[in-house]
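S.K.: Before we start, here is the structure in question, set down as structure tokens.
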Amino acid sequence: MCGICGIYRKDHDQVDKKTISSMCSTMTHRGPDDEGHYLSGNVGLGMRRLKVIDLETGNQPISNEDKSIWIVQNGEIFNYLELRDRLKEKGHHFYTRSDTEVIVHLYEEYGEECIEHLNGMFGFALWDENNKLLFLARDRLGIKPLYYYEDDDVFLFGSEIKAILNYPDIGREIDYEALSDYFSLQYIPAPETIYKGINKLPQACSITLKNNRSSLKKYWHLKYCVIPMTQEEAIESTISEIERTVQLQMISDVPLGAFLSGGLDSSILVAVMSSLSDRPVETFSVVWDRNGQAFDERKYARFVSERYNTNHHEFLVKPQVDEVAEETIKAFDEPFANDSAIPNYHIARETKKYVTVALSGLGGDELAAGYERYLGMSILKYFQLIPESLRSKVFENIIDRLPDSKNGLPWIDRVKRFGKISGLSFIDSYLSISAKMNASDKQALFTEDVSARLHGHLDPSALFRRYDLEAGDACELNRMLYIDMNTYMVDELLVLSDRMSMAHSLELRVPYLDHLLVEHFAKVDPALKLHGFTKKYLLKKIAERYYPKSFIYRKKVGFSTPLVLWLRGELKGYMLHILNRKSVMRTGIINPDAVERYVHDHLGLKRNYDMRLWALMMFMLWYNTYIDKIY
């Protein structure tokens, strides 16, 4: 696991080591163990290394036999031992035991198609000296990040935006369409970033740069093609796939453990890890200390730990967000509003004290239909059979008047949002149920100047329609899963897990996102994912092999924070400080009247605006840090 960066000067000026080293220095947290560089005329590669596999000889950059091909990689190739043996049979010679070296020799054999042979999480850059070609690629699911910048003079890349911002004369002009998408979704979807000119390389994509011209290619598409199988066949084949990927991802030359929330996905993961390990698994959980009882699953994590005799570690988290908020913003480099960054920051920091690698249950919801919105959209089809006049009357007069939930649980807010989508098309309904703010909300939120700059771009509907079309003739459930895999999962959940873990030099692996397991789930009958009113049905049937039904069929809580309560209690003062009228006005972007209305209604229990307020707070912290530079 590393942080990589690089420079390709189109003006053919020489790249100096000082500039590459300076870019590397911004990512020391990603790789505290070593720094390496490769310089050749107008090209420079750099990396910071966290040692996980091949501790002695695996330092990067790594080359082929005649040193005509060089590579820097962030991530892990899990099938590298199999690939290494295959390449040796073809006559290739290895001078390290690292997974990165196999990519170099695969490139010698297959050129840019080398990525099709890889099973892993990666972002890498390869320089082909003979062909004067720079080749970048990102893994199929987008587990590992890669950013790039290109103009007439230079092409830059890095594992984090901060490496690119560190290059001389790179501007920080705000991309207002990206900002609009941020307030809709609470993250910025690829290929956008908050900075004009800096892009995310989308998942399953590569870039080739030759003769000063770059070309982007998508090398993998997930296709939903249901294969007939009985429920028992689906259970057995899926267990086999999960065991395969967990065994692959337990390969490590350093101590390894697992995040254990007590939820279904992480509990299955720990059960499988325990069956494959000859020693107790190290497990790690976050515990809220007060006002968060409804969000606390410690008894379930403890149950799993006792059942499988793990070495379990619990970490107490207090709502002292001001202590970590600025650090999280510096980790993301752009506005990012998933409040789960708080527990993820804490659990990564504490877990790193015991292990260097941790496995996470992330991805199970997107594979197997675990979110409430999937069920809501299924129910919507039947609800729309009720005459529109009756639906409108019921929701206007009854449901919209429901008081806000006092315990912080989101069911009332979900019911209100459900009522507003009942008359929309499928894709507009799904966008509305997924987004935190709609076009009219943002029209009121932004200043007139910003609204004019947006040219009508007030919602990310084009993005959702694009992925809906890519899903082809898949059923509605699989179309929703496909949209989420390509938006929410890759640009919110995976960004969160990568940044919060790497901020503490912890490698986080996500076995459910092994691309072969993802392809397997795409072949499963949708009725085995969402079965009547039972979400994640197939994984629950699999879990019955490991746990009692009373443990499995309980109400899901999830890895979240009691933010709605905190903003009305312990964090109220911090919120008012960050969102003070003078600071908001100074941006020239946000209408302070809209902010004050959200604060007033939230504190007055008129409406739960915790997600909007958190998004505004994270925007202000980012703006103060990166644009105003007052922190």
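By convention here, the chains of the structure tokens are called A, B, ... in the order presented, each chain's residues are numbered starting at 1, and ligands are numbered starting at 1 in the order presented.
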Write out as a ChimeraX atom specification each polymer residue whose atoms come within 8 Å of Arg612 in chain A, counting only C-alpha atoms; drop sequence neighbours fewer than 3 positions from it.
M.R.: /A:183,436-437,598,609,615-616
S.K.: I'd like the contact shell of range 86-103 of chain A - 8 Å cut-off, only C-alpha atoms, skipping same-chain residues fewer than 5 positions apart - returned as an NGL selection string.
M.R.: :A and (53-54 or 57-58 or 62-65 or 71-73 or 76-78 or 80-81 or 114-115)
S.K.: Grab the CA of Gly262 in chain A to CA of Lys299 in chain A distance for me, in Å with one decimal place.
M.R.: 7.7 Å
S.K.: Can you pull out every residue from range 349-559 of chain A that DSSP, working from the backbone, puts in strand (DSSP E or B), and format the result as a ChimeraX atom specification?
M.R.: /A:357-359,446,507-509,531,534
S.K.: Using only N, CA, C and O atoms, please write the residues we just selected to a file, as a PDB file, in the first residue's frame.
M.R.:
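And here is the file that came out, out_21.pdb:
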ATOM      1  N   VAL A 357      -2.824  -4.250   8.529  1.00  0.00           N
ATOM      2  CA  VAL A 357      -3.840  -4.556   7.513  1.00  0.00           C
ATOM      3  C   VAL A 357      -5.136  -4.949   8.219  1.00  0.00           C
ATOM      4  O   VAL A 357      -5.116  -5.724   9.183  1.00  0.00           O
ATOM      5  N   ALA A 358      -6.262  -4.413   7.731  1.00  0.00           N
ATOM      6  CA  ALA A 358      -7.572  -4.796   8.261  1.00  0.00           C
ATOM      7  C   ALA A 358      -8.525  -5.066   7.110  1.00  0.00           C
ATOM      8  O   ALA A 358      -8.499  -4.372   6.096  1.00  0.00           O
ATOM      9  N   LEU A 359      -9.378  -6.083   7.282  1.00  0.00           N
ATOM     10  CA  LEU A 359     -10.415  -6.389   6.306  1.00  0.00           C
ATOM     11  C   LEU A 359     -11.722  -5.748   6.748  1.00  0.00           C
ATOM     12  O   LEU A 359     -12.025  -5.689   7.943  1.00  0.00           O
ATOM     13  N   PHE A 446     -27.540  28.561  -2.845  1.00  0.00           N
ATOM     14  CA  PHE A 446     -26.439  29.274  -3.486  1.00  0.00           C
ATOM     15  C   PHE A 446     -26.768  30.752  -3.672  1.00  0.00           C
ATOM     16  O   PHE A 446     -27.933  31.145  -3.803  1.00  0.00           O
ATOM     17  N   GLU A 507      -3.652  -0.315   6.007  1.00  0.00           N
ATOM     18  CA  GLU A 507      -4.190  -0.826   4.750  1.00  0.00           C
ATOM     19  C   GLU A 507      -5.534  -1.490   5.000  1.00  0.00           C
ATOM     20  O   GLU A 507      -5.645  -2.401   5.814  1.00  0.00           O
ATOM     21  N   LEU A 508      -6.566  -1.022   4.293  1.00  0.00           N
ATOM     22  CA  LEU A 508      -7.906  -1.573   4.447  1.00  0.00           C
ATOM     23  C   LEU A 508      -8.284  -2.350   3.184  1.00  0.00           C
ATOM     24  O   LEU A 508      -8.219  -1.816   2.081  1.00  0.00           O
ATOM     25  N   ARG A 509      -8.664  -3.605   3.369  1.00  0.00           N
ATOM     26  CA  ARG A 509      -9.054  -4.456   2.248  1.00  0.00           C
ATOM     27  C   ARG A 509     -10.558  -4.732   2.299  1.00  0.00           C
ATOM     28  O   ARG A 509     -11.136  -4.808   3.380  1.00  0.00           O
ATOM     29  N   HIS A 531     -35.949 -10.165  -1.312  1.00  0.00           N
ATOM     30  CA  HIS A 531     -36.929 -11.262  -1.304  1.00  0.00           C
ATOM     31  C   HIS A 531     -38.144 -10.797  -0.522  1.00  0.00           C
ATOM     32  O   HIS A 531     -38.160 -10.830   0.718  1.00  0.00           O
ATOM     33  N   THR A 534     -37.608  -8.690   2.627  1.00  0.00           N
ATOM     34  CA  THR A 534     -36.323  -9.033   3.232  1.00  0.00           C
ATOM     35  C   THR A 534     -35.176  -8.567   2.365  1.00  0.00           C
ATOM     36  O   THR A 534     -34.979  -9.060   1.249  1.00  0.00           O
TER      37      THR A 534
END
S.K.: Under the rule that only C-alpha atoms are counted, which of A:Trp614, A:Phe303, A:Tyr167, A:Trp70 is the nearest residue to Ser21 in chain A?
M.R.: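 The shortest atom-to-atom distance to Ser21 in chain A comes from A:Tyr167.
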